[in-house]
>>> print(open('start-v1.cif').read())   # mmCIF, C-alpha atoms
data_work
#
loop_
_atom_site.label_atom_id
_atom_site.label_comp_id
_atom_site.auth_asym_id
_atom_site.auth_seq_id
_atom_site.Cartn_x
_atom_site.Cartn_y
_atom_site.Cartn_z
CA MET A 1058 -66.23 -80.80 63.85
CA SER A 1059 -65.70 -81.73 67.49
CA CYS A 1060 -64.62 -85.35 67.23
CA ALA A 1061 -64.25 -86.89 70.68
CA HIS A 1062 -60.93 -88.60 69.90
CA CYS A 1063 -59.29 -85.69 68.10
CA LEU A 1064 -56.48 -83.32 69.08
CA PHE A 1065 -57.35 -80.67 66.51
CA SER A 1066 -61.11 -80.14 66.93
CA ALA A 1067 -62.17 -77.00 65.12
CA PRO A 1068 -63.97 -75.45 68.15
CA LEU A 1069 -60.64 -75.40 69.98
CA GLN A 1070 -59.22 -73.22 67.23
CA LYS A 1071 -62.14 -70.83 67.60
CA GLN A 1072 -61.73 -70.68 71.37
CA ALA A 1073 -58.13 -69.67 70.81
CA GLY A 1074 -59.25 -66.67 68.76
CA ALA A 1075 -58.39 -68.03 65.32
CA PRO A 1076 -61.31 -67.93 62.88
CA ARG A 1077 -59.73 -70.79 60.94
CA PRO A 1078 -56.53 -72.81 61.25
CA ASP A 1079 -53.30 -71.62 59.67
CA GLU A 1080 -52.60 -72.75 56.12
CA LEU A 1081 -49.42 -73.18 54.16
CA THR A 1082 -49.44 -71.40 50.82
CA PRO A 1083 -48.56 -73.51 47.78
CA GLU A 1084 -45.29 -71.57 47.52
CA ALA A 1085 -44.35 -72.30 51.15
CA ALA A 1086 -45.38 -75.94 50.69
CA ALA A 1087 -43.17 -76.27 47.61
CA HIS A 1088 -40.25 -74.68 49.50
CA LEU A 1089 -40.76 -77.17 52.34
CA GLY A 1090 -40.94 -80.09 49.91
CA ALA A 1091 -37.66 -79.09 48.26
CA PHE A 1092 -36.01 -78.81 51.67
CA LEU A 1093 -37.30 -82.25 52.71
CA ALA A 1094 -35.95 -83.66 49.45
CA GLN A 1095 -32.50 -82.33 50.42
CA ALA A 1096 -32.90 -84.32 53.65
CA GLY A 1097 -33.73 -87.44 51.64
CA VAL A 1098 -37.22 -87.83 53.13
CA ARG A 1099 -38.82 -90.99 51.76
CA GLN A 1100 -42.18 -91.09 53.51
CA LEU A 1101 -44.55 -88.12 53.74
CA VAL A 1102 -47.65 -88.16 55.98
CA ILE A 1103 -50.14 -85.37 55.36
CA SER A 1104 -52.45 -85.02 58.33
CA GLY A 1105 -55.16 -82.80 59.73
CA GLY A 1106 -55.72 -79.96 62.05
CA GLY A 1107 -58.68 -79.72 59.76
CA GLU A 1108 -59.18 -81.55 56.48
CA PRO A 1109 -55.86 -81.39 54.58
CA LEU A 1110 -57.47 -81.69 51.15
CA GLU A 1111 -59.31 -78.41 51.77
CA ASN A 1112 -55.91 -76.94 50.91
CA LEU A 1113 -55.41 -79.12 47.84
CA PRO A 1114 -53.04 -76.71 46.00
CA ALA A 1115 -50.57 -76.80 48.92
CA VAL A 1116 -50.83 -80.59 49.29
CA ALA A 1117 -50.14 -81.05 45.56
CA ALA A 1118 -47.25 -78.55 45.62
CA LEU A 1119 -45.64 -80.25 48.64
CA THR A 1120 -46.05 -83.70 47.12
CA GLU A 1121 -44.63 -82.66 43.76
CA ALA A 1122 -41.62 -80.94 45.32
CA LEU A 1123 -40.66 -83.98 47.41
CA VAL A 1124 -38.84 -85.77 44.61
CA THR A 1125 -37.33 -88.34 47.01
CA GLY A 1126 -40.72 -89.62 48.19
CA GLU A 1127 -41.41 -93.38 48.15
CA GLU A 1128 -44.61 -93.57 50.22
CA LEU A 1129 -47.30 -90.93 50.70
CA VAL A 1130 -49.98 -91.21 53.38
CA VAL A 1131 -52.93 -88.78 53.30
CA ILE A 1132 -55.08 -88.74 56.44
CA THR A 1133 -58.51 -87.51 55.41
CA SER A 1134 -62.15 -87.54 56.47
CA GLY A 1135 -63.36 -88.11 52.90
CA HIS A 1136 -66.22 -85.64 53.43
CA TYR A 1137 -65.75 -84.23 49.93
CA ALA A 1138 -66.61 -87.55 48.23
CA GLN A 1139 -70.26 -86.69 47.69
CA SER A 1140 -69.95 -88.43 44.33
CA GLY A 1141 -67.36 -90.51 42.52
CA ARG A 1142 -66.46 -87.48 40.44
CA ALA A 1143 -65.97 -85.33 43.55
CA ALA A 1144 -63.69 -87.98 45.08
CA SER A 1145 -61.60 -88.01 41.92
CA ALA A 1146 -61.41 -84.21 41.83
CA HIS A 1147 -59.70 -84.20 45.23
CA LEU A 1148 -57.59 -87.34 44.98
CA ASP A 1149 -56.45 -87.40 41.33
CA PRO A 1150 -54.21 -84.29 41.68
CA VAL A 1151 -52.45 -85.84 44.69
CA LEU A 1152 -51.79 -89.11 42.88
CA GLN A 1153 -50.65 -87.31 39.73
CA ALA A 1154 -48.20 -85.13 41.67
CA PHE A 1155 -46.79 -88.15 43.54
CA ALA A 1156 -46.57 -90.40 40.47
CA ARG A 1157 -44.23 -87.95 38.71
CA HIS A 1158 -41.35 -89.15 40.90
CA PRO A 1159 -39.44 -92.21 39.70
CA GLY A 1160 -39.09 -93.63 43.21
CA SER A 1161 -42.72 -93.34 44.28
CA VAL A 1162 -44.12 -96.72 45.33
CA ARG A 1163 -47.33 -96.45 47.34
CA LEU A 1164 -50.09 -93.94 48.15
CA ILE A 1165 -52.19 -94.73 51.23
CA ILE A 1166 -55.46 -92.91 51.80
CA ARG A 1167 -56.20 -93.28 55.50
CA LEU A 1168 -59.84 -92.47 56.17
CA SER A 1169 -60.98 -91.26 59.59
CA ALA A 1170 -64.20 -93.26 59.96
CA ASP A 1171 -65.94 -92.75 63.27
CA ALA A 1172 -69.07 -91.37 64.86
CA GLY A 1173 -67.37 -88.07 65.72
CA HIS A 1174 -66.87 -87.00 62.10
CA ARG A 1175 -70.60 -87.22 61.30
CA ILE A 1176 -69.91 -87.91 57.62
CA ASP A 1177 -72.14 -89.77 55.18
CA PRO A 1178 -70.69 -93.33 55.24
CA ALA A 1179 -71.11 -93.49 51.46
CA CYS A 1180 -68.18 -91.04 51.26
CA TYR A 1181 -65.90 -93.66 52.81
CA ARG A 1182 -67.03 -96.21 50.25
CA ARG A 1183 -66.43 -93.83 47.33
CA VAL A 1184 -62.89 -93.07 48.48
CA ALA A 1185 -62.19 -96.80 48.94
CA GLU A 1186 -63.58 -97.42 45.43
CA TRP A 1187 -61.34 -94.70 44.02
CA ALA A 1188 -58.35 -96.39 45.68
CA ALA A 1189 -59.38 -99.79 44.29
CA ASP A 1190 -59.74 -98.33 40.78
CA HIS A 1191 -56.15 -97.01 40.95
CA ALA A 1192 -54.60 -99.90 42.88
CA CYS A 1193 -52.73 -101.45 39.97
CA GLY A 1194 -51.06 -98.43 38.37
CA ARG A 1195 -47.38 -97.62 38.52
CA VAL A 1196 -48.00 -96.35 42.07
CA GLU A 1197 -49.87 -98.79 44.30
CA VAL A 1198 -52.91 -97.08 45.85
CA ARG A 1199 -54.52 -98.45 49.01
CA ALA A 1200 -57.19 -97.32 51.46
CA VAL A 1201 -57.08 -97.87 55.23
CA LEU A 1202 -59.94 -96.96 57.56
CA ARG A 1203 -59.20 -95.69 61.06
CA SER A 1204 -61.96 -95.89 63.64
CA ALA A 1205 -61.90 -95.25 67.38
CA MET A 1206 -61.75 -97.66 70.29
CA SER A 1207 -64.74 -95.94 71.91
CA ASP A 1208 -66.84 -96.52 68.76
CA LEU A 1209 -65.82 -100.16 68.77
CA ALA A 1210 -66.54 -100.68 72.46
CA ARG A 1211 -70.06 -99.25 72.29
CA GLY A 1212 -70.95 -100.83 68.95
CA ALA A 1213 -71.04 -97.55 67.02
CA ALA A 1214 -68.36 -98.74 64.58
CA GLY A 1215 -71.10 -100.58 62.71
CA SER A 1216 -72.93 -97.35 61.95
CA TRP A 1217 -70.92 -96.85 58.74
CA LEU A 1218 -70.41 -100.50 57.77
CA SER A 1219 -73.61 -100.66 55.73
CA ALA A 1220 -72.06 -98.38 53.11
CA PHE A 1221 -69.76 -101.24 52.11
CA GLY A 1222 -72.57 -103.73 51.52
CA PRO A 1223 -75.72 -105.06 53.18
CA ASP A 1224 -74.26 -108.51 53.82
CA LEU A 1225 -71.22 -107.48 55.84
CA PRO A 1226 -71.10 -109.23 59.20
CA PRO A 1227 -70.90 -107.10 62.37
CA ILE A 1228 -67.42 -106.40 63.70
CA GLY A 1229 -68.28 -108.25 66.88
CA ASP A 1230 -66.74 -108.24 70.34
CA PRO A 1231 -63.69 -105.93 70.33
CA GLY A 1232 -61.97 -108.35 72.69
CA THR A 1233 -61.83 -110.99 69.96
CA LEU A 1234 -60.36 -108.94 67.11
CA PRO A 1235 -56.79 -109.69 66.07
CA VAL A 1236 -54.24 -107.08 67.17
CA VAL A 1237 -51.54 -106.30 64.60
CA ASP A 1238 -48.73 -103.91 65.53
CA GLY A 1239 -50.57 -102.74 68.62
CA MET A 1240 -53.99 -102.03 67.10
CA PRO A 1241 -57.16 -104.13 66.81
CA VAL A 1242 -57.91 -104.68 63.12
CA THR A 1243 -60.51 -106.15 60.82
CA TRP A 1244 -60.93 -106.13 57.03
CA LEU A 1245 -63.84 -105.13 54.80
CA GLY A 1246 -64.43 -106.44 51.32
CA SER A 1247 -64.33 -103.71 48.69
CA GLY A 1248 -64.73 -104.88 45.09
CA ASP A 1249 -62.10 -107.54 44.50
CA GLY A 1250 -59.92 -106.38 47.36
CA GLU A 1251 -59.88 -105.72 51.11
CA VAL A 1252 -59.78 -102.54 53.15
CA PRO A 1253 -58.15 -102.81 56.59
CA VAL A 1254 -59.93 -101.11 59.50
CA ILE A 1255 -57.79 -100.22 62.53
CA PHE A 1256 -59.06 -99.02 65.91
CA LYS A 1257 -56.96 -96.42 67.68
CA PRO A 1258 -57.13 -95.35 71.35
CA ASP A 1259 -59.15 -92.28 72.28
CA TYR A 1260 -57.00 -89.38 73.41
CA GLY A 1261 -57.50 -87.39 76.58
CA LEU A 1262 -56.65 -84.16 74.76
CA GLY A 1263 -58.83 -81.73 72.83
CA PHE A 1264 -62.38 -82.92 73.34
CA GLY A 1265 -61.08 -86.39 74.14
CA ARG A 1266 -62.67 -88.81 76.56
CA PRO A 1267 -60.87 -91.40 78.68
CA ALA A 1268 -59.58 -94.37 76.74
CA LEU A 1269 -61.61 -97.55 76.45
CA ARG A 1270 -59.94 -100.98 76.47
CA GLN A 1271 -56.59 -99.80 75.12
CA ASP A 1272 -54.02 -97.23 76.19
CA TRP A 1273 -50.90 -95.59 74.83
CA LYS A 1274 -48.58 -97.98 76.67
CA HIS A 1275 -49.82 -100.88 74.56
CA LEU A 1276 -48.62 -99.13 71.39
CA VAL A 1277 -45.26 -98.39 72.99
CA GLN A 1278 -44.87 -102.01 74.06
CA ALA A 1279 -45.73 -103.20 70.55
CA GLU A 1280 -42.97 -101.04 69.11
CA GLU A 1281 -40.47 -102.35 71.65
CA ARG A 1282 -41.50 -105.94 70.95
CA ALA A 1283 -40.83 -105.29 67.27
CA GLY A 1284 -37.13 -105.14 68.09
CA THR A 1285 -36.65 -101.35 67.94
CA PRO A 1286 -36.73 -98.86 70.83
CA PHE A 1287 -39.80 -96.62 71.01
CA ASN A 1288 -38.78 -93.16 69.81
CA LEU A 1289 -41.06 -91.13 67.55
CA SER A 1290 -38.06 -89.13 66.33
CA TRP A 1291 -37.23 -92.10 64.07
CA ARG A 1292 -39.22 -93.82 61.34
CA GLY A 1293 -38.50 -96.19 58.50
CA PRO A 1294 -38.77 -95.27 54.81
CA ARG A 1295 -42.18 -96.95 54.38
CA GLY A 1296 -43.57 -95.93 57.73
CA GLU A 1297 -41.71 -98.60 59.67
CA GLY A 1298 -42.42 -97.80 63.29
CA HIS A 1299 -45.51 -96.42 65.01
CA ASN A 1300 -48.55 -96.46 62.66
CA TYR A 1301 -46.99 -99.04 60.34
CA TYR A 1302 -49.54 -100.30 57.78
CA GLY A 1303 -47.37 -102.65 55.71
CA THR A 1304 -48.49 -105.87 57.39
CA ILE A 1305 -52.25 -105.21 57.51
CA LEU A 1306 -52.21 -104.14 53.85
CA ARG A 1307 -51.11 -107.65 52.90
CA GLY A 1308 -54.61 -108.81 53.80
CA GLN A 1309 -56.60 -110.81 56.29
CA ALA A 1310 -55.44 -114.25 55.16
CA HIS A 1311 -51.78 -113.23 55.41
CA CYS A 1312 -52.25 -111.76 58.89
CA ARG A 1313 -54.20 -114.82 60.09
CA SER A 1314 -51.29 -116.98 58.99
CA LEU A 1315 -48.87 -114.80 60.95
CA LEU A 1316 -51.06 -114.95 64.04
CA SER A 1317 -51.00 -118.79 63.96
CA GLY A 1318 -53.89 -119.03 66.37
CA SER A 1319 -52.73 -116.29 68.76
CA ARG A 1320 -54.49 -112.94 69.00
CA GLU A 1321 -51.58 -110.52 68.61
CA TYR A 1322 -48.77 -110.15 66.09
CA VAL A 1323 -45.99 -107.55 66.01
CA THR A 1324 -44.05 -107.06 62.78
CA PRO A 1325 -40.27 -107.37 63.32
CA LYS A 1326 -38.51 -104.12 62.49
CA GLN A 1327 -34.94 -102.98 61.98
CA ASP A 1328 -33.50 -100.00 63.79
CA GLN A 1329 -30.83 -99.48 61.14
CA VAL A 1330 -33.34 -98.74 58.36
CA LYS A 1331 -34.93 -95.86 60.25
CA GLY A 1332 -34.12 -92.21 59.68
CA LEU A 1333 -34.86 -88.93 61.42
CA SER A 1334 -38.56 -88.02 61.44
CA LEU A 1335 -39.62 -84.39 60.96
CA TYR A 1336 -42.87 -82.61 61.84
CA ALA A 1337 -44.01 -79.53 59.93
CA THR A 1338 -46.99 -77.41 60.95
CA ALA A 1339 -49.35 -75.36 58.84
CA SER A 1340 -48.29 -72.34 60.90
CA GLY A 1341 -44.90 -72.54 59.20
CA ARG A 1342 -42.67 -74.35 61.72
CA LEU A 1343 -40.44 -77.39 61.23
CA TYR A 1344 -39.57 -79.63 64.20
CA VAL A 1345 -37.84 -82.90 64.77
CA ASN A 1346 -40.75 -85.20 65.51
CA ALA A 1347 -41.15 -85.56 69.30
CA GLY A 1348 -38.06 -83.38 69.71
CA PRO A 1349 -37.67 -80.26 71.87
CA PRO A 1350 -40.72 -77.98 71.44
CA ASP A 1351 -38.59 -74.83 71.34
CA ALA A 1352 -36.17 -76.12 68.68
CA TRP A 1353 -38.05 -75.29 65.50
CA LEU A 1354 -37.05 -73.60 62.27
CA GLY A 1355 -39.27 -71.27 60.28
CA ILE A 1356 -40.26 -72.95 57.02
CA GLY A 1357 -39.92 -69.70 55.08
CA ALA A 1358 -36.34 -69.29 56.27
CA LEU A 1359 -35.09 -72.83 55.64
CA SER A 1360 -31.82 -72.65 53.72
CA SER A 1361 -30.25 -76.09 53.53
CA TRP A 1362 -30.53 -79.43 55.28
CA ASP A 1363 -26.84 -79.29 56.20
CA SER A 1364 -27.35 -76.02 58.09
CA ALA A 1365 -30.31 -77.51 59.97
CA VAL A 1366 -28.30 -80.59 60.96
CA ALA A 1367 -25.47 -78.35 62.19
CA ARG A 1368 -27.91 -76.65 64.58
CA TYR A 1369 -29.30 -79.97 65.76
CA ASP A 1370 -25.80 -81.32 66.43
CA ARG A 1371 -25.01 -78.39 68.75
CA ASP A 1372 -28.24 -78.81 70.73
CA ALA A 1373 -27.72 -80.86 73.91
CA LEU A 1374 -31.43 -81.51 74.49
CA MET A 1375 -31.93 -82.51 70.85
CA ASN A 1376 -29.11 -85.02 71.16
CA LEU A 1377 -30.59 -86.48 74.33
CA THR A 1378 -34.06 -86.75 72.79
CA VAL A 1379 -33.06 -88.19 69.43
CA ASN A 1380 -30.20 -90.49 70.38
CA ASN A 1381 -31.90 -92.37 73.22
CA PRO A 1382 -35.10 -94.37 73.64
CA THR A 1383 -37.92 -92.10 74.80
CA ALA A 1384 -38.09 -94.21 77.97
CA ALA A 1385 -34.71 -92.78 79.04
CA LEU A 1386 -35.85 -89.18 78.59
CA TYR A 1387 -39.16 -89.94 80.31
CA ALA A 1388 -37.49 -91.55 83.33
CA MET A 1389 -35.14 -88.59 83.81
CA ALA A 1390 -38.00 -86.09 83.63
CA ARG A 1391 -40.23 -88.11 85.97
CA GLU A 1392 -37.49 -88.17 88.58
CA ALA A 1393 -37.63 -84.36 88.68
CA ASP A 1394 -41.39 -84.01 88.16
CA PRO A 1395 -43.25 -87.22 89.17
CA GLY A 1396 -46.63 -85.77 88.18
CA ILE A 1397 -45.75 -86.30 84.50
CA ALA A 1398 -46.74 -89.99 84.69
CA ALA A 1399 -50.34 -89.29 85.74
CA ARG A 1400 -50.70 -86.66 83.04
CA ALA A 1401 -49.40 -89.04 80.38
CA ASP A 1402 -51.96 -91.67 81.40
CA THR A 1403 -54.75 -89.07 81.31
CA GLU A 1404 -53.76 -87.78 77.87
CA ASN A 1405 -53.38 -91.35 76.53
CA PHE A 1406 -51.29 -90.18 73.60
CA VAL A 1407 -48.05 -91.71 72.32
CA PHE A 1408 -46.47 -88.26 72.01
CA SER A 1409 -47.15 -87.48 75.68
CA PRO A 1410 -44.01 -89.04 77.25
CA ALA A 1411 -41.67 -86.91 75.13
CA ARG A 1412 -43.89 -83.81 75.12
CA LEU A 1413 -44.53 -83.78 78.87
CA SER A 1414 -40.85 -84.47 79.61
CA MET A 1415 -39.98 -81.18 77.85
CA ARG A 1416 -43.15 -79.15 78.46
CA THR A 1417 -41.57 -76.37 80.56
CA ALA A 1418 -38.41 -74.30 80.26
CA ARG A 1419 -37.31 -75.66 83.63
CA LEU A 1420 -37.58 -79.28 82.51
CA ARG A 1421 -35.81 -78.52 79.23
CA ALA A 1422 -32.94 -76.73 80.99
CA TYR A 1423 -32.62 -79.57 83.53
CA LEU A 1424 -32.50 -82.30 80.87
CA ALA A 1425 -30.12 -80.33 78.66
CA GLY A 1426 -27.87 -79.76 81.67
CA LEU A 1427 -27.78 -83.46 82.46
CA GLN A 1428 -26.88 -84.22 78.85
CA ALA A 1429 -24.25 -81.49 78.60
CA SER A 1430 -22.66 -82.46 81.93
CA ALA A 1431 -21.85 -85.94 80.58
CA GLY A 1432 -23.05 -87.72 83.70
CA LEU A 1433 -21.47 -85.41 86.30
CA PHE A 1434 -24.83 -85.33 88.11
CA SER A 1435 -24.77 -89.08 88.47
CA GLY A 1436 -26.41 -89.43 91.87
CA PRO A 1437 -29.94 -88.58 93.00
CA ALA A 1438 -28.70 -85.89 95.38
CA GLU A 1439 -26.73 -84.09 92.65
CA ARG A 1440 -29.66 -84.27 90.26
CA SER A 1441 -32.03 -83.00 92.94
CA ARG A 1442 -29.79 -79.99 93.63
CA ALA A 1443 -29.54 -79.28 89.89
CA TRP A 1444 -33.37 -79.33 89.65
CA GLU A 1445 -33.77 -77.03 92.66
CA ARG A 1446 -31.28 -74.51 91.25
CA LEU A 1447 -33.60 -74.10 88.26
CA ALA A 1448 -36.63 -73.20 90.44
CA GLY A 1449 -38.45 -70.18 89.08
CA LEU A 1450 -37.51 -70.81 85.48
CA ASP A 1451 -40.75 -70.91 83.54
CA ASP A 1452 -42.16 -70.24 80.08
CA THR A 1453 -43.13 -66.58 80.40
CA GLU A 1454 -42.57 -64.61 77.20
CA GLN A 1455 -42.37 -67.89 75.27
CA ALA A 1456 -45.72 -67.75 73.48
CA HIS A 1457 -45.35 -67.52 69.73
CA SER A 1458 -48.39 -68.82 67.89
CA ARG A 1459 -51.94 -67.52 68.14
CA HIS A 1460 -53.05 -71.01 69.16
CA SER A 1461 -51.23 -73.98 70.63
CA ASP A 1462 -50.36 -77.12 68.70
CA PRO A 1463 -51.30 -80.15 70.86
CA ILE A 1464 -48.12 -81.99 69.87
CA VAL A 1465 -45.50 -79.25 70.17
CA GLY A 1466 -47.21 -76.36 72.00
CA ASN A 1467 -46.41 -72.77 71.09
CA CYS A 1468 -42.92 -71.99 72.41
CA ALA A 1469 -40.74 -69.42 70.73
CA SER A 1470 -37.76 -71.01 69.01
CA VAL A 1471 -34.31 -71.00 70.58
CA TYR A 1472 -33.01 -71.06 66.99
CA GLU A 1473 -34.82 -67.86 66.03
CA ARG A 1474 -33.61 -65.55 68.81
#
>>> encode(input="start-v1.cif", output="structure tokens")
Amino acid sequence: MSCAHCLFSAPLQKQAGAPRPDELTPEAAAHLGAFLAQAGVRQLVISGGGEPLENLPAVAALTEALVTGEELVVITSGHYAQSGRAASAHLDPVLQAFARHPGSVRLIIRLSADAGHRIDPACYRRVAEWAADHACGRVEVRAVLRSAMSDLARGAAGSWLSAFGPDLPPIGDPGTLPVVDGMPVTWLGSGDGEVPVIFKPDYGLGFGRPALRQDWKHLVQAEERAGTPFNLSWRGPRGEGHNYYGTILRGQAHCRSLLSGSREYVTPKQDQVKGLSLYATASGRLYVNAGPPDAWLGIGALSSWDSAVARYDRDALMNLTVNNPTAALYAMAREADPGIAARADTENFVFSPARLSMRTARLRAYLAGLQASAGLFSGPAERSRAWERLAGLDDTEQAHSRHSDPIVGNCASVYER
């Protein structure tokens, strides 16, 4: 696949010399799940870099080991749903593994439905039907479709609508759709229920094209209007924060009542219910989400959550990143390297402000120094001299992985030296 909006297009992996992306073994996935349970993780999002359900044994092992899980989100293309039986063969094991936990509440199957995936639209319908068939069990099961702003703007979003019924009206002018929590949304009828369809910005990474009609700043502003600072290092137990689906899943009529005639609604959120968000890669690395790219732990070597937290607590850059709104980190980095702002706009990706602020060893050392100095470099002149003293510090000898993750790069870990 070479989806225009995607960060993880398969041809990029091939260009990097990897015949296929890395995969977690079921054993490593189970070890990771047990570690995350120690941390009290309540929401698990299983995403791509390829189709995650191609590695179904690892997905099931991770899900089963996370005994503290309350909500599970699986981001999938649905390509395997060539029949109802095939959809069940891929999705039943995930639901069964998740439903074994007493605290499990909701499973969300988020389908990537766009022109780039080039998938038979009937596959989307079969996955949505599977979700509807299992909606009323002990674990609530829901489907959400994610399309792209570029598809919506050029009318291509309708290319897969026919799979849901011949009488569905066209989505219409994207400028008239309601916007809930920063994303344009509509709803499709599926059996007796509804399936929300959200439209995300196109990224300027991977094979991405420039954004159409919506940019990353709109999503940041929506989070800030919700009453919580934008920081991807934090997320609520049911996904409260960026990519929150709770409101749209309550249905079109509910959202129309919230809108009260206006076009945009942002769900109020509570900072105090959020917890630390972690990001694990199939190459075997565990990060704090949107944290320092060189502060990762090897999944195979994870011992206890307490030992991980002890390392994080001693890390000046980690403390700066996690304990402040991303806007503070971004402003400090832009003062030293003003070109970051233009790159963030080009990439059009909500991770870009944090990632670009820490993308080089020089920037990381500068920001960590400011944090560790407790404000001693309080004036522009002092900060400028501190930045100049770090000239020549770069990322040579830092490469670790055989290909670079678009969110965290491929730095060697300061924790593993």
>>> closest_residue(input="start-v1.cif", among="A:Gln1428, A:Ser1290, A:Ser1364, A:Thr1378", to="Phe1092 (chain A)", atoms="all atoms listed in the file")
A:Ser1364
>>> resolve_selection(input="start-v1.cif", expression="the PyMOL selection byres ((chain A and resi 1118-1124) around 6)", output="compact mmCIF listing (two decimals) with C-alpha atoms, keeping the file's coordinate frame")
# COMPACT_ATOMS: atom_id res chain seq x y z
CA PRO A 1083 -48.56 -73.51 47.78
CA ALA A 1086 -45.38 -75.94 50.69
CA ALA A 1087 -43.17 -76.27 47.61
CA GLY A 1090 -40.94 -80.09 49.91
CA ALA A 1091 -37.66 -79.09 48.26
CA ALA A 1094 -35.95 -83.66 49.45
CA ALA A 1115 -50.57 -76.80 48.92
CA VAL A 1116 -50.83 -80.59 49.29
CA ALA A 1117 -50.14 -81.05 45.56
CA THR A 1125 -37.33 -88.34 47.01
CA GLY A 1126 -40.72 -89.62 48.19
CA ALA A 1154 -48.20 -85.13 41.67
CA PHE A 1155 -46.79 -88.15 43.54
CA HIS A 1158 -41.35 -89.15 40.90
>>> closest_residue(input="start-v1.cif", among="A:Gly1293, A:Gly1194, A:Pro1150, A:Gly1248", to="Leu1101 (chain A)", atoms="only C-alpha atoms")
A:Gly1293
>>> axis_aligned_box(input="start-v1.cif", around="region 1292-1297 of chain A", padding_each_side="8 Å", output="JSON")
{"center_x": -41.0, "center_y": -96.2, "center_z": 57.9, "size_x": 21.1, "size_y": 20.8, "size_z": 23.0}
>>> resolve_selection(input="start-v1.cif", expression="the PyMOL selection byres ((chain A and resi 1304) around 10)", output="list in words")
Val1237, Asp1238, Tyr1301, Tyr1302, Gly1303, Ile1305, Leu1306, Arg1307, Gly1308, Gln1309, His1311, Cys1312, Leu1315, Tyr1322, Val1323 and Thr1324 of chain A
>>> resolve_selection(input="start-v1.cif", expression="the PyMOL selection byres ((chain A and resi 1246) around 12)", output="list of chain:residue names")
A:Arg1182, A:Ala1185, A:Glu1186, A:Ala1189, A:Ala1200, A:Val1201, A:Leu1218, A:Ser1219, A:Ala1220, A:Phe1221, A:Gly1222, A:Pro1223, A:Asp1224, A:Leu1225, A:Pro1226, A:Thr1243, A:Trp1244, A:Leu1245, A:Ser1247, A:Gly1248, A:Asp1249, A:Gly1250, A:Glu1251, A:Val1252, A:Pro1253, A:Val1254, A:Gly1308, A:Gln1309
>>> atom_distance(input="start-v1.cif", atom1="CA of Phe1287 (chain A)", atom2="CA of Leu1377 (chain A)")
14.1 Å
>>> residues_around(input="start-v1.cif", residues="Arg1419 (chain A)", least_positions_apart="6", cutoff="12 Å", atoms="only C-alpha atoms", output="ChimeraX atom specification")
/A:1390,1393-1394,1413,1425-1426,1443-1453
>>> closest_residue(input="start-v1.cif", among="A:Gln1329, A:Gln1139, A:Ser1207, A:Ser1161", to="Trp1291 (chain A)", atoms="all atoms listed in the file")
A:Gln1329
>>> atom_distance(input="start-v1.cif", atom1="CA of Glu1127 (chain A)", atom2="CA of Leu1089 (chain A)")
16.8 Å
>>> closest_residue(input="start-v1.cif", among="A:Arg1282, A:Tyr1472, A:Ser1430, A:Arg1175", to="Ala1367 (chain A)", atoms="only C-alpha atoms")
A:Tyr1472
>>> closest_residue(input="start-v1.cif", among="A:Ser1317, A:Gln1100, A:Thr1082, A:Gln1095", to="Val1131 (chain A)", atoms="all atoms listed in the file")
A:Gln1100
>>> decode(input="start-v1.cif", residues="region 1190-1199 of chain A", atoms="N, CA and C atoms", output="mmCIF file, in the first residue's frame")
data_model
loop_
_atom_site.group_PDB
_atom_site.id
_atom_site.type_symbol
_atom_site.label_atom_id
_atom_site.label_comp_id
_atom_site.auth_asym_id
_atom_site.auth_seq_id
_atom_site.Cartn_x
_atom_site.Cartn_y
_atom_site.Cartn_z
ATOM 1 N N ASP A 1190 -23.301 -6.959 15.282
ATOM 2 C CA ASP A 1190 -23.741 -8.252 15.808
ATOM 3 C C ASP A 1190 -23.255 -8.487 17.233
ATOM 4 N N HIS A 1191 -22.142 -7.866 17.610
ATOM 5 C CA HIS A 1191 -21.560 -8.069 18.944
ATOM 6 C C HIS A 1191 -21.736 -6.854 19.847
ATOM 7 N N ALA A 1192 -22.550 -5.893 19.432
ATOM 8 C CA ALA A 1192 -22.641 -4.616 20.150
ATOM 9 C C ALA A 1192 -23.194 -4.759 21.554
ATOM 10 N N CYS A 1193 -24.037 -5.737 21.782
ATOM 11 C CA CYS A 1193 -24.784 -5.792 23.045
ATOM 12 C C CYS A 1193 -24.310 -6.887 23.980
ATOM 13 N N GLY A 1194 -23.097 -7.372 23.803
ATOM 14 C CA GLY A 1194 -22.554 -8.360 24.734
ATOM 15 C C GLY A 1194 -22.040 -7.697 25.997
ATOM 16 N N ARG A 1195 -21.328 -8.474 26.810
ATOM 17 C CA ARG A 1195 -20.778 -7.896 28.034
ATOM 18 C C ARG A 1195 -19.836 -6.748 27.718
ATOM 19 N N VAL A 1196 -19.073 -6.875 26.627
ATOM 20 C CA VAL A 1196 -18.220 -5.787 26.137
ATOM 21 C C VAL A 1196 -18.939 -5.106 24.985
ATOM 22 N N GLU A 1197 -19.130 -3.810 25.081
ATOM 23 C CA GLU A 1197 -19.731 -3.053 23.982
ATOM 24 C C GLU A 1197 -18.756 -3.041 22.807
ATOM 25 N N VAL A 1198 -19.235 -3.342 21.606
ATOM 26 C CA VAL A 1198 -18.405 -3.327 20.405
ATOM 27 C C VAL A 1198 -18.969 -2.293 19.440
ATOM 28 N N ARG A 1199 -18.100 -1.397 18.972
ATOM 29 C CA ARG A 1199 -18.520 -0.346 18.056
ATOM 30 C C ARG A 1199 -17.522 -0.220 16.913
#
